[in-house]
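What follows is the content of entry-v1.cif (mmCIF, C-alpha atoms and all ligand atoms; chains and numbers go by the auth columns).
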```
data_protein
#
loop_
_atom_site.group_PDB
_atom_site.id
_atom_site.type_symbol
_atom_site.label_atom_id
_atom_site.label_comp_id
_atom_site.label_asym_id
_atom_site.label_seq_id
_atom_site.Cartn_x
_atom_site.Cartn_y
_atom_site.Cartn_z
_atom_site.B_iso_or_equiv
_atom_site.auth_seq_id
_atom_site.auth_asym_id
ATOM 1 C CA MET A 1 0.000 0.000 0.000 0.00 13 O
ATOM 2 C CA SER A 2 1.389 3.400 -0.858 0.00 14 O
ATOM 3 C CA ASP A 3 2.371 5.538 2.084 0.00 15 O
ATOM 4 C CA PRO A 4 -0.292 8.309 2.361 0.00 16 O
ATOM 5 C CA ARG A 5 2.015 10.604 4.276 0.00 17 O
ATOM 6 C CA VAL A 6 3.987 13.420 2.631 0.00 18 O
ATOM 7 C CA ILE A 7 7.395 14.353 4.045 0.00 19 O
ATOM 8 C CA GLU A 8 8.966 17.649 3.023 0.00 20 O
ATOM 9 C CA VAL A 9 12.426 18.705 4.185 0.00 21 O
ATOM 10 C CA LEU A 10 12.978 22.490 4.125 0.00 22 O
ATOM 11 C CA PRO A 11 16.400 24.178 4.344 0.00 23 O
ATOM 12 C CA ASP A 12 15.711 25.908 7.664 0.00 24 O
ATOM 13 C CA LYS A 13 12.968 27.010 10.058 0.00 25 O
ATOM 14 C CA PRO A 14 11.995 30.211 8.194 0.00 26 O
ATOM 15 C CA HIS A 15 11.408 28.202 5.015 0.00 27 O
ATOM 16 C CA LEU A 16 9.478 25.598 7.018 0.00 28 O
ATOM 17 C CA ILE A 17 7.246 28.262 8.566 0.00 29 O
ATOM 18 C CA GLN A 18 6.586 29.815 5.137 0.00 30 O
ATOM 19 C CA ARG A 19 5.634 26.392 3.746 0.00 31 O
ATOM 20 C CA ALA A 20 3.421 25.726 6.775 0.00 32 O
ATOM 21 C CA LEU A 21 1.667 29.050 6.199 0.00 33 O
ATOM 22 C CA GLU A 22 1.008 28.089 2.566 0.00 34 O
ATOM 23 C CA LEU A 23 -0.482 24.749 3.651 0.00 35 O
ATOM 24 C CA VAL A 24 -2.645 26.260 6.401 0.00 36 O
ATOM 25 C CA LEU A 25 -3.998 28.921 4.044 0.00 37 O
ATOM 26 C CA SER A 26 -4.671 26.287 1.386 0.00 38 O
ATOM 27 C CA ALA A 27 -6.598 24.157 3.884 0.00 39 O
ATOM 28 C CA ALA A 28 -8.515 27.227 5.020 0.00 40 O
ATOM 29 C CA ARG A 29 -9.472 28.184 1.469 0.00 41 O
ATOM 30 C CA GLU A 30 -10.700 24.649 0.767 0.00 42 O
ATOM 31 C CA ALA A 31 -12.718 24.400 4.002 0.00 43 O
ATOM 32 C CA LEU A 32 -14.258 27.843 3.584 0.00 44 O
ATOM 33 C CA ALA A 33 -15.198 27.131 -0.031 0.00 45 O
ATOM 34 C CA GLN A 34 -16.675 23.707 0.745 0.00 46 O
ATOM 35 C CA ARG A 35 -18.208 24.244 4.184 0.00 47 O
ATOM 36 C CA GLY A 36 -18.110 27.967 4.884 0.00 48 O
ATOM 37 C CA GLN A 37 -16.016 27.366 7.985 0.00 49 O
ATOM 38 C CA PHE A 38 -12.439 26.327 8.850 0.00 50 O
ATOM 39 C CA SER A 39 -11.652 24.470 12.070 0.00 51 O
ATOM 40 C CA LEU A 40 -7.979 24.703 13.000 0.00 52 O
ATOM 41 C CA VAL A 41 -6.434 22.945 15.996 0.00 53 O
ATOM 42 C CA LEU A 42 -3.289 24.567 17.348 0.00 54 O
ATOM 43 C CA ALA A 43 -0.134 22.913 18.596 0.00 55 O
ATOM 44 C CA GLY A 44 1.682 24.263 21.596 0.00 56 O
ATOM 45 C CA GLY A 45 5.356 24.445 22.369 0.00 57 O
ATOM 46 C CA SER A 46 7.757 26.836 20.653 0.00 58 O
ATOM 47 C CA THR A 47 7.955 25.628 17.045 0.00 59 O
ATOM 48 C CA PRO A 48 4.624 27.001 15.776 0.00 60 O
ATOM 49 C CA GLU A 49 4.958 30.490 17.294 0.00 61 O
ATOM 50 C CA PRO A 50 6.397 32.138 14.125 0.00 62 O
ATOM 51 C CA LEU A 51 3.617 30.501 12.121 0.00 63 O
ATOM 52 C CA TYR A 52 1.058 32.088 14.432 0.00 64 O
ATOM 53 C CA ARG A 53 2.782 35.454 14.001 0.00 65 O
ATOM 54 C CA ALA A 54 2.580 35.006 10.220 0.00 66 O
ATOM 55 C CA LEU A 55 -1.129 34.154 10.461 0.00 67 O
ATOM 56 C CA ALA A 56 -1.659 37.434 12.323 0.00 68 O
ATOM 57 C CA GLU A 57 -0.580 39.211 9.118 0.00 69 O
ATOM 58 C CA GLN A 58 -3.188 37.473 6.949 0.00 70 O
ATOM 59 C CA ASP A 59 -6.440 38.995 5.783 0.00 71 O
ATOM 60 C CA LEU A 60 -8.833 36.106 6.453 0.00 72 O
ATOM 61 C CA PRO A 61 -12.607 35.892 7.076 0.00 73 O
ATOM 62 C CA TRP A 62 -12.008 35.602 10.784 0.00 74 O
ATOM 63 C CA GLN A 63 -15.713 35.217 11.558 0.00 75 O
ATOM 64 C CA ASN A 64 -15.627 31.868 9.715 0.00 76 O
ATOM 65 C CA ILE A 65 -12.513 30.523 11.380 0.00 77 O
ATOM 66 C CA GLN A 66 -12.822 28.387 14.500 0.00 78 O
ATOM 67 C CA VAL A 67 -9.688 27.850 16.607 0.00 79 O
ATOM 68 C CA PHE A 68 -9.159 24.951 18.988 0.00 80 O
ATOM 69 C CA TRP A 69 -6.172 23.691 20.947 0.00 81 O
ATOM 70 C CA GLY A 70 -4.767 20.189 20.673 0.00 82 O
ATOM 71 C CA ASP A 71 -3.396 20.272 24.193 0.00 83 O
ATOM 72 C CA GLU A 72 -2.779 22.527 27.143 0.00 84 O
ATOM 73 C CA ARG A 73 -0.527 22.603 30.123 0.00 85 O
ATOM 74 C CA TYR A 74 -2.552 22.704 33.326 0.00 86 O
ATOM 75 C CA VAL A 75 -1.709 26.329 34.112 0.00 87 O
ATOM 76 C CA PRO A 76 -3.552 29.669 33.931 0.00 88 O
ATOM 77 C CA VAL A 77 -3.570 31.418 30.543 0.00 89 O
ATOM 78 C CA THR A 78 -1.307 34.088 32.074 0.00 90 O
ATOM 79 C CA ASP A 79 1.400 31.491 32.751 0.00 91 O
ATOM 80 C CA PRO A 80 4.326 31.617 30.258 0.00 92 O
ATOM 81 C CA GLN A 81 3.800 27.867 29.761 0.00 93 O
ATOM 82 C CA SER A 82 0.238 28.346 28.513 0.00 94 O
ATOM 83 C CA ASN A 83 -0.330 27.267 24.902 0.00 95 O
ATOM 84 C CA GLU A 84 -3.403 29.495 24.760 0.00 96 O
ATOM 85 C CA GLY A 85 -1.398 32.442 26.046 0.00 97 O
ATOM 86 C CA MET A 86 1.339 31.910 23.448 0.00 98 O
ATOM 87 C CA ALA A 87 -1.135 31.750 20.548 0.00 99 O
ATOM 88 C CA ARG A 88 -2.996 34.827 21.802 0.00 100 O
ATOM 89 C CA ARG A 89 0.189 36.900 22.163 0.00 101 O
ATOM 90 C CA ALA A 90 1.553 35.809 18.759 0.00 102 O
ATOM 91 C CA TRP A 91 -1.697 35.932 16.779 0.00 103 O
ATOM 92 C CA LEU A 92 -5.204 35.745 18.154 0.00 104 O
ATOM 93 C CA ASP A 93 -5.183 38.948 20.171 0.00 105 O
ATOM 94 C CA GLN A 94 -3.872 40.778 17.083 0.00 106 O
ATOM 95 C CA VAL A 95 -6.770 39.947 14.718 0.00 107 O
ATOM 96 C CA PRO A 96 -10.546 40.643 14.801 0.00 108 O
ATOM 97 C CA ILE A 97 -11.551 37.040 15.350 0.00 109 O
ATOM 98 C CA PRO A 98 -14.785 36.815 17.369 0.00 110 O
ATOM 99 C CA PRO A 99 -14.034 35.694 20.931 0.00 111 O
ATOM 100 C CA GLY A 100 -16.616 32.928 20.554 0.00 112 O
ATOM 101 C CA ASN A 101 -14.479 31.422 17.781 0.00 113 O
ATOM 102 C CA LEU A 102 -11.615 30.755 20.199 0.00 114 O
ATOM 103 C CA HIS A 103 -12.214 27.422 21.879 0.00 115 O
ATOM 104 C CA ALA A 104 -9.471 27.324 24.482 0.00 116 O
ATOM 105 C CA ILE A 105 -8.992 24.516 26.942 0.00 117 O
ATOM 106 C CA SER A 106 -10.037 25.921 30.303 0.00 118 O
ATOM 107 C CA THR A 107 -7.678 25.096 33.168 0.00 119 O
ATOM 108 C CA ALA A 108 -9.887 26.700 35.816 0.00 120 O
ATOM 109 C CA ALA A 109 -11.605 23.439 36.843 0.00 121 O
ATOM 110 C CA PRO A 110 -10.636 21.925 40.209 0.00 122 O
ATOM 111 C CA ASP A 111 -8.776 19.104 38.463 0.00 123 O
ATOM 112 C CA ALA A 112 -7.491 18.104 35.050 0.00 124 O
ATOM 113 C CA ALA A 113 -10.074 15.328 34.604 0.00 125 O
ATOM 114 C CA GLN A 114 -12.854 17.880 34.991 0.00 126 O
ATOM 115 C CA ALA A 115 -11.121 20.181 32.492 0.00 127 O
ATOM 116 C CA ALA A 116 -10.836 17.342 29.976 0.00 128 O
ATOM 117 C CA LEU A 117 -14.533 16.565 30.390 0.00 129 O
ATOM 118 C CA GLN A 118 -15.446 20.218 29.912 0.00 130 O
ATOM 119 C CA TYR A 119 -13.406 20.460 26.707 0.00 131 O
ATOM 120 C CA GLU A 120 -14.926 17.265 25.364 0.00 132 O
ATOM 121 C CA GLN A 121 -18.386 18.699 26.041 0.00 133 O
ATOM 122 C CA GLU A 122 -17.420 21.932 24.259 0.00 134 O
ATOM 123 C CA LEU A 123 -16.210 20.027 21.199 0.00 135 O
ATOM 124 C CA ARG A 124 -19.300 17.813 21.100 0.00 136 O
ATOM 125 C CA ALA A 125 -21.611 20.813 21.495 0.00 137 O
ATOM 126 C CA PHE A 126 -19.841 22.825 18.802 0.00 138 O
ATOM 127 C CA PHE A 127 -19.748 20.006 16.238 0.00 139 O
ATOM 128 C CA GLY A 128 -23.069 18.460 17.269 0.00 140 O
ATOM 129 C CA SER A 129 -21.327 15.139 17.896 0.00 141 O
ATOM 130 C CA PRO A 130 -23.248 12.783 20.196 0.00 142 O
ATOM 131 C CA ALA A 131 -21.451 10.290 22.425 0.00 143 O
ATOM 132 C CA GLY A 132 -19.694 7.649 20.373 0.00 144 O
ATOM 133 C CA GLU A 133 -19.110 9.962 17.397 0.00 145 O
ATOM 134 C CA PHE A 134 -15.814 11.700 16.606 0.00 146 O
ATOM 135 C CA PRO A 135 -16.122 15.142 14.932 0.00 147 O
ATOM 136 C CA VAL A 136 -14.082 15.774 11.792 0.00 148 O
ATOM 137 C CA LEU A 137 -11.664 18.650 12.296 0.00 149 O
ATOM 138 C CA ASP A 138 -10.275 20.356 9.196 0.00 150 O
ATOM 139 C CA LEU A 139 -6.628 20.696 10.186 0.00 151 O
ATOM 140 C CA LEU A 140 -4.554 19.828 13.230 0.00 152 O
ATOM 141 C CA LEU A 141 -1.106 21.291 13.761 0.00 153 O
ATOM 142 C CA LEU A 142 1.190 18.990 15.730 0.00 154 O
ATOM 143 C CA GLY A 143 4.760 18.909 16.935 0.00 155 O
ATOM 144 C CA ILE A 144 6.820 16.143 18.482 0.00 156 O
ATOM 145 C CA GLY A 145 8.966 16.101 21.568 0.00 157 O
ATOM 146 C CA ASP A 146 12.462 14.637 21.702 0.00 158 O
ATOM 147 C CA ASP A 147 10.753 11.637 23.358 0.00 159 O
ATOM 148 C CA GLY A 148 8.351 11.100 20.465 0.00 160 O
ATOM 149 C CA HIS A 149 5.246 12.506 22.131 0.00 161 O
ATOM 150 C CA THR A 150 2.732 14.561 20.207 0.00 162 O
ATOM 151 C CA ALA A 151 0.045 16.841 21.561 0.00 163 O
ATOM 152 C CA SER A 152 0.233 15.692 25.188 0.00 164 O
ATOM 153 C CA LEU A 153 0.208 12.007 24.367 0.00 165 O
ATOM 154 C CA PHE A 154 3.366 10.992 26.195 0.00 166 O
ATOM 155 C CA PRO A 155 5.179 7.655 25.977 0.00 167 O
ATOM 156 C CA GLY A 156 3.871 4.876 28.195 0.00 168 O
ATOM 157 C CA THR A 157 0.995 6.936 29.638 0.00 169 O
ATOM 158 C CA PRO A 158 -2.680 5.917 29.963 0.00 170 O
ATOM 159 C CA SER A 159 -3.655 8.625 27.452 0.00 171 O
ATOM 160 C CA LEU A 160 -2.423 6.307 24.683 0.00 172 O
ATOM 161 C CA GLU A 161 -5.084 3.736 25.595 0.00 173 O
ATOM 162 C CA VAL A 162 -8.026 6.151 25.351 0.00 174 O
ATOM 163 C CA THR A 163 -10.128 5.275 22.307 0.00 175 O
ATOM 164 C CA ASP A 164 -13.654 6.286 23.372 0.00 176 O
ATOM 165 C CA ARG A 165 -13.121 9.957 24.230 0.00 177 O
ATOM 166 C CA LEU A 166 -12.238 13.134 22.331 0.00 178 O
ATOM 167 C CA VAL A 167 -10.166 14.592 25.146 0.00 179 O
ATOM 168 C CA THR A 168 -8.220 13.072 28.020 0.00 180 O
ATOM 169 C CA VAL A 169 -5.647 13.883 30.667 0.00 181 O
ATOM 170 C CA GLY A 170 -2.033 13.582 29.595 0.00 182 O
ATOM 171 C CA ASN A 171 0.911 13.362 31.911 0.00 183 O
ATOM 172 C CA LYS A 172 4.368 14.817 31.469 0.00 184 O
ATOM 173 C CA ASP A 173 6.675 13.794 34.323 0.00 185 O
ATOM 174 C CA GLY A 174 3.803 13.946 36.786 0.00 186 O
ATOM 175 C CA GLN A 175 2.494 17.260 35.442 0.00 187 O
ATOM 176 C CA PRO A 176 -1.099 17.025 34.156 0.00 188 O
ATOM 177 C CA ARG A 177 -1.860 18.083 30.613 0.00 189 O
ATOM 178 C CA ILE A 178 -5.164 18.190 28.719 0.00 190 O
ATOM 179 C CA THR A 179 -4.934 16.582 25.289 0.00 191 O
ATOM 180 C CA VAL A 180 -7.015 15.523 22.348 0.00 192 O
ATOM 181 C CA THR A 181 -6.929 11.787 21.853 0.00 193 O
ATOM 182 C CA TYR A 182 -5.374 10.035 18.897 0.00 194 O
ATOM 183 C CA PRO A 183 -8.740 8.711 17.605 0.00 195 O
ATOM 184 C CA LEU A 184 -9.967 12.318 17.395 0.00 196 O
ATOM 185 C CA ILE A 185 -6.759 13.384 15.663 0.00 197 O
ATOM 186 C CA ASN A 186 -7.071 10.500 13.205 0.00 198 O
ATOM 187 C CA ARG A 187 -10.559 11.600 12.133 0.00 199 O
ATOM 188 C CA ALA A 188 -9.160 14.896 10.841 0.00 200 O
ATOM 189 C CA ARG A 189 -9.213 15.998 7.220 0.00 201 O
ATOM 190 C CA GLY A 190 -5.580 16.963 7.629 0.00 202 O
ATOM 191 C CA VAL A 191 -2.680 16.761 10.049 0.00 203 O
ATOM 192 C CA LEU A 192 0.408 18.926 9.649 0.00 204 O
ATOM 193 C CA PHE A 193 3.506 18.152 11.732 0.00 205 O
ATOM 194 C CA LEU A 194 6.092 20.916 12.182 0.00 206 O
ATOM 195 C CA VAL A 195 9.453 19.566 13.358 0.00 207 O
ATOM 196 C CA THR A 196 12.711 21.493 13.599 0.00 208 O
ATOM 197 C CA GLY A 197 16.090 20.970 15.229 0.00 209 O
ATOM 198 C CA ALA A 198 18.652 18.195 15.515 0.00 210 O
ATOM 199 C CA SER A 199 17.349 17.158 18.931 0.00 211 O
ATOM 200 C CA LYS A 200 14.261 15.708 17.246 0.00 212 O
ATOM 201 C CA ARG A 201 16.230 13.431 14.845 0.00 213 O
ATOM 202 C CA PRO A 202 16.312 10.243 16.963 0.00 214 O
ATOM 203 C CA ALA A 203 12.598 10.407 17.749 0.00 215 O
ATOM 204 C CA LEU A 204 11.762 11.329 14.161 0.00 216 O
ATOM 205 C CA GLN A 205 13.706 8.332 12.838 0.00 217 O
ATOM 206 C CA ALA A 206 11.794 6.050 15.233 0.00 218 O
ATOM 207 C CA ILE A 207 8.433 7.623 14.403 0.00 219 O
ATOM 208 C CA LEU A 208 8.818 7.535 10.613 0.00 220 O
ATOM 209 C CA ALA A 209 10.471 4.111 10.399 0.00 221 O
ATOM 210 C CA PRO A 210 8.317 1.375 8.813 0.00 222 O
ATOM 211 C CA THR A 211 7.977 -0.472 12.122 0.00 223 O
ATOM 212 C CA GLY A 212 8.327 0.578 15.744 0.00 224 O
ATOM 213 C CA ASP A 213 6.735 0.814 19.173 0.00 225 O
ATOM 214 C CA ALA A 214 3.880 3.317 19.253 0.00 226 O
ATOM 215 C CA ARG A 215 3.757 3.252 23.036 0.00 227 O
ATOM 216 C CA GLN A 216 7.345 4.432 23.109 0.00 228 O
ATOM 217 C CA TYR A 217 6.836 6.854 20.193 0.00 229 O
ATOM 218 C CA PRO A 218 3.196 8.003 20.360 0.00 230 O
ATOM 219 C CA ALA A 219 3.426 10.128 17.208 0.00 231 O
ATOM 220 C CA ARG A 220 3.439 6.753 15.374 0.00 232 O
ATOM 221 C CA LEU A 221 -0.262 6.496 16.316 0.00 233 O
ATOM 222 C CA ILE A 222 -1.096 9.471 14.108 0.00 234 O
ATOM 223 C CA ARG A 223 -2.574 8.096 10.882 0.00 235 O
ATOM 224 C CA PRO A 224 -5.339 10.535 9.903 0.00 236 O
ATOM 225 C CA GLU A 225 -8.156 9.613 7.516 0.00 237 O
ATOM 226 C CA GLY A 226 -7.247 12.790 5.650 0.00 238 O
ATOM 227 C CA SER A 227 -3.879 14.143 4.641 0.00 239 O
ATOM 228 C CA LEU A 228 -0.702 13.736 6.688 0.00 240 O
ATOM 229 C CA VAL A 229 2.150 16.127 5.982 0.00 241 O
ATOM 230 C CA TRP A 230 5.453 16.241 7.851 0.00 242 O
ATOM 231 C CA LEU A 231 7.405 19.489 7.471 0.00 243 O
ATOM 232 C CA LEU A 232 10.969 19.003 8.685 0.00 244 O
ATOM 233 C CA ASP A 233 13.913 21.340 8.611 0.00 245 O
ATOM 234 C CA GLU A 234 17.248 19.871 7.493 0.00 246 O
ATOM 235 C CA ALA A 235 18.549 19.778 11.042 0.00 247 O
ATOM 236 C CA ALA A 236 15.739 17.409 11.981 0.00 248 O
ATOM 237 C CA GLY A 237 15.048 15.545 8.789 0.00 249 O
ATOM 238 C CA ALA A 238 17.986 15.457 6.373 0.00 250 O
ATOM 239 C CA GLY A 239 19.122 11.935 5.536 0.00 251 O
ATOM 240 C CA LEU A 240 16.578 10.008 7.590 0.00 252 O
ATOM 241 C CA ASN A 241 16.264 6.342 6.659 0.00 253 O
ATOM 242 C CA LEU A 242 12.547 5.924 5.954 0.00 254 O
ATOM 243 C CA GLY A 243 12.805 2.318 4.804 0.00 255 O
HETATM 244 C C1 LIG B . 3.071 21.189 23.991 0.00 301 W
HETATM 245 C C2 LIG B . 2.872 20.717 22.582 0.00 301 W
HETATM 246 C C3 LIG B . 3.810 19.582 22.308 0.00 301 W
HETATM 247 C C4 LIG B . 4.842 20.169 21.378 0.00 301 W
HETATM 248 C C5 LIG B . 6.113 19.381 21.399 0.00 301 W
HETATM 249 C C6 LIG B . 7.207 20.131 20.625 0.00 301 W
HETATM 250 O O1 LIG B . 2.102 21.564 24.649 0.00 301 W
HETATM 251 O O2 LIG B . 4.261 21.240 24.376 0.00 301 W
HETATM 252 O O3 LIG B . 1.641 20.552 22.178 0.00 301 W
HETATM 253 O O4 LIG B . 3.253 18.436 21.767 0.00 301 W
HETATM 254 O O5 LIG B . 4.302 20.212 20.057 0.00 301 W
HETATM 255 O O6 LIG B . 6.505 19.218 22.750 0.00 301 W
HETATM 256 O O7 LIG B . 7.471 21.323 21.319 0.00 301 W
HETATM 257 P P1 LIG B . 8.501 22.388 20.694 0.00 301 W
HETATM 258 O O8 LIG B . 7.836 22.953 19.477 0.00 301 W
HETATM 259 O O9 LIG B . 8.666 23.424 21.787 0.00 301 W
HETATM 260 O O10 LIG B . 9.762 21.635 20.354 0.00 301 W
#
```
Write-out of the structure in structure tokens:
Amino acid sequence: MSDPRVIEVLPDKPHLIQRALELVLSAAREALAQRGQFSLVLAGGSTPEPLYRALAEQDLPWQNIQVFWGDERYVPVTDPQSNEGMARRAWLDQVPIPPGNLHAISTAAPDAAQAALQYEQELRAFFGSPAGEFPVLDLLLLGIGDDGHTASLFPGTPSLEVTDRLVTVGNKDGQPRITVTYPLINRARGVLFLVTGASKRPALQAILAPTGDARQYPARLIRPEGSLVWLLDEAAGAGLNLG
């Protein structure tokens, strides 16, 4: 069977971010033309920040763009670790997107399990997805950690076993995270990985190899029904043996 994934290696991070912008805008145009709305799920961490800054410069029909988060650290939005806070500073607070279009993961609940439940309920309400159904998101942005995690699906954690929920509690070294589940990710029309830096090479080789242990490298679980594109800079992706 042909490999449905596309792997592009760009010379450096600026080129990767420019290519990512092209792909996000292309997905937005297609979704808006076909369905009048574009649902975009944001990655956290540091890699996507320049992409979010570039999106702040775009002239888009913000009223038809719905923004979600793929995961969140269990901290207030004012915390420097907050994925919502990073995306707001870089992009969302700079454009006239209706506040109701920003579907952040609330971390105000007494515990992470309650926050995960609340986010699941928000997703189901927005997409009209009853229990047992997985909504189809237009595009998810994802990164990977040096350990092969993606979103907040960390190696060897219970989050990898969750197949009947949209959202669950992740765990990074004892710190709770809220994360979308891999069955929700795999329902998406498109997944776009952004990976830069030499530190990601070992995990990337293990993730992209023909065979491997998904519990050790959770990004191996990501096989969306739609498109799967890996954007790598040369530091991360040059010369990988993809079998
Ligand atoms: C998070 C992210 C996480 C991230 C990777 C890569 O909340 O940290 O969602 O999955 O994409 O850890 O992070 P960097 O882009 O900072 O390398």
From the list O:Phe146, O:Phe80, O:Tyr64, O:Phe166, which residue is nearest ligand LIG 301 (chain W) when using all atoms listed in the file?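 With all atoms listed in the file as the atom set, the closest residue is O:Phe166.
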Taking into account all atoms listed in the file, which residue in the set O:Leu135, O:Ala163, O:Ala226, O:Val53 is nearest to ligand LIG 301 (chain W)?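 Among O:Leu135, O:Ala163, O:Ala226, O:Val53, it is O:Ala163 that comes nearest to ligand LIG 301 (chain W).
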Residue nearest Asp245 in chain O - candidates O:Leu28, O:Ile19, O:Gly57, O:Glu134, atoms counted: all atoms listed in the file: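 Closest residue, counting all atoms listed in the file: O:Leu28.
Taking CA of Leu196 in chain O as the reference point, CA of Leu178 in chain O is found at 5.5 Å.
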Determine, counting all atoms listed in the file, which protein, DNA and RNA residues have an atom within 12 Å of an atom of Met98 in chain O; residues of the same chain fewer than 5 positions away are not included. Present the result as number ranges by chain. O: 54-65, 81, 84-85, 88-93, 103-105, 116
Output of the above residues as a PDB file, in the frame of the given file, restricted to C-alpha atoms:
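New file again_9.pdb:
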```
ATOM      1  CA  LEU O  54      -3.289  24.567  17.348  1.00  0.00           C
ATOM      2  CA  ALA O  55      -0.134  22.913  18.596  1.00  0.00           C
ATOM      3  CA  GLY O  56       1.682  24.263  21.596  1.00  0.00           C
ATOM      4  CA  GLY O  57       5.356  24.445  22.369  1.00  0.00           C
ATOM      5  CA  SER O  58       7.757  26.836  20.653  1.00  0.00           C
ATOM      6  CA  THR O  59       7.955  25.628  17.045  1.00  0.00           C
ATOM      7  CA  PRO O  60       4.624  27.001  15.776  1.00  0.00           C
ATOM      8  CA  GLU O  61       4.958  30.490  17.294  1.00  0.00           C
ATOM      9  CA  PRO O  62       6.397  32.138  14.125  1.00  0.00           C
ATOM     10  CA  LEU O  63       3.617  30.501  12.121  1.00  0.00           C
ATOM     11  CA  TYR O  64       1.058  32.088  14.432  1.00  0.00           C
ATOM     12  CA  ARG O  65       2.782  35.454  14.001  1.00  0.00           C
ATOM     13  CA  TRP O  81      -6.172  23.691  20.947  1.00  0.00           C
ATOM     14  CA  GLU O  84      -2.779  22.527  27.143  1.00  0.00           C
ATOM     15  CA  ARG O  85      -0.527  22.603  30.123  1.00  0.00           C
ATOM     16  CA  PRO O  88      -3.552  29.669  33.931  1.00  0.00           C
ATOM     17  CA  VAL O  89      -3.570  31.418  30.543  1.00  0.00           C
ATOM     18  CA  THR O  90      -1.307  34.088  32.074  1.00  0.00           C
ATOM     19  CA  ASP O  91       1.400  31.491  32.751  1.00  0.00           C
ATOM     20  CA  PRO O  92       4.326  31.617  30.258  1.00  0.00           C
ATOM     21  CA  GLN O  93       3.800  27.867  29.761  1.00  0.00           C
ATOM     22  CA  TRP O 103      -1.697  35.932  16.779  1.00  0.00           C
ATOM     23  CA  LEU O 104      -5.204  35.745  18.154  1.00  0.00           C
ATOM     24  CA  ASP O 105      -5.183  38.948  20.171  1.00  0.00           C
ATOM     25  CA  ALA O 116      -9.471  27.324  24.482  1.00  0.00           C
TER      26      ALA O 116
END
```
Edge lengths and centre in Å to one decimal, as AutoDock Vina command-line options, of the axis-aligned box that encloses all listed atoms of ligand LIG 301 (chain W) with 8 Å added on every side?
```
--center_x 5.7 --center_y 20.9 --center_z 22.1 --size_x 24.1 --size_y 21.0 --size_z 21.2
```
Write out as a count of residues only each polymer residue whose atoms come within 12 Å of Arg177 in chain O, counting only C-alpha atoms; drop sequence neighbours fewer than 6 positions from it. 23
Selection under test: the PyMOL selection byres (((chain O and resi 234) around 12) and not hetatm); residues as a PyMOL selection string: chain O and resi 16-17+152-156+160-163+165+172+192-200+202-205+219-220+226-227+229-233+235-242
Please produce a file of the residues just selected, as a PDB file, in the coordinates of the input, where the atoms kept are C-alpha atoms.
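The result, stored in again.pdb:
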```
ATOM      1  CA  PRO O  16      -0.292   8.309   2.361  1.00  0.00           C
ATOM      2  CA  ARG O  17       2.015  10.604   4.276  1.00  0.00           C
ATOM      3  CA  LEU O 152      -4.554  19.828  13.230  1.00  0.00           C
ATOM      4  CA  LEU O 153      -1.106  21.291  13.761  1.00  0.00           C
ATOM      5  CA  LEU O 154       1.190  18.990  15.730  1.00  0.00           C
ATOM      6  CA  GLY O 155       4.760  18.909  16.935  1.00  0.00           C
ATOM      7  CA  ILE O 156       6.820  16.143  18.482  1.00  0.00           C
ATOM      8  CA  GLY O 160       8.351  11.100  20.465  1.00  0.00           C
ATOM      9  CA  HIS O 161       5.246  12.506  22.131  1.00  0.00           C
ATOM     10  CA  THR O 162       2.732  14.561  20.207  1.00  0.00           C
ATOM     11  CA  ALA O 163       0.045  16.841  21.561  1.00  0.00           C
ATOM     12  CA  LEU O 165       0.208  12.007  24.367  1.00  0.00           C
ATOM     13  CA  LEU O 172      -2.423   6.307  24.683  1.00  0.00           C
ATOM     14  CA  VAL O 192      -7.015  15.523  22.348  1.00  0.00           C
ATOM     15  CA  THR O 193      -6.929  11.787  21.853  1.00  0.00           C
ATOM     16  CA  TYR O 194      -5.374  10.035  18.897  1.00  0.00           C
ATOM     17  CA  PRO O 195      -8.740   8.711  17.605  1.00  0.00           C
ATOM     18  CA  LEU O 196      -9.967  12.318  17.395  1.00  0.00           C
ATOM     19  CA  ILE O 197      -6.759  13.384  15.663  1.00  0.00           C
ATOM     20  CA  ASN O 198      -7.071  10.500  13.205  1.00  0.00           C
ATOM     21  CA  ARG O 199     -10.559  11.600  12.133  1.00  0.00           C
ATOM     22  CA  ALA O 200      -9.160  14.896  10.841  1.00  0.00           C
ATOM     23  CA  GLY O 202      -5.580  16.963   7.629  1.00  0.00           C
ATOM     24  CA  VAL O 203      -2.680  16.761  10.049  1.00  0.00           C
ATOM     25  CA  LEU O 204       0.408  18.926   9.649  1.00  0.00           C
ATOM     26  CA  PHE O 205       3.506  18.152  11.732  1.00  0.00           C
ATOM     27  CA  ILE O 219       8.433   7.623  14.403  1.00  0.00           C
ATOM     28  CA  LEU O 220       8.818   7.535  10.613  1.00  0.00           C
ATOM     29  CA  ALA O 226       3.880   3.317  19.253  1.00  0.00           C
ATOM     30  CA  ARG O 227       3.757   3.252  23.036  1.00  0.00           C
ATOM     31  CA  TYR O 229       6.836   6.854  20.193  1.00  0.00           C
ATOM     32  CA  PRO O 230       3.196   8.003  20.360  1.00  0.00           C
ATOM     33  CA  ALA O 231       3.426  10.128  17.208  1.00  0.00           C
ATOM     34  CA  ARG O 232       3.439   6.753  15.374  1.00  0.00           C
ATOM     35  CA  LEU O 233      -0.262   6.496  16.316  1.00  0.00           C
ATOM     36  CA  ARG O 235      -2.574   8.096  10.882  1.00  0.00           C
ATOM     37  CA  PRO O 236      -5.339  10.535   9.903  1.00  0.00           C
ATOM     38  CA  GLU O 237      -8.156   9.613   7.516  1.00  0.00           C
ATOM     39  CA  GLY O 238      -7.247  12.790   5.650  1.00  0.00           C
ATOM     40  CA  SER O 239      -3.879  14.143   4.641  1.00  0.00           C
ATOM     41  CA  LEU O 240      -0.702  13.736   6.688  1.00  0.00           C
ATOM     42  CA  VAL O 241       2.150  16.127   5.982  1.00  0.00           C
ATOM     43  CA  TRP O 242       5.453  16.241   7.851  1.00  0.00           C
TER      44      TRP O 242
END
```
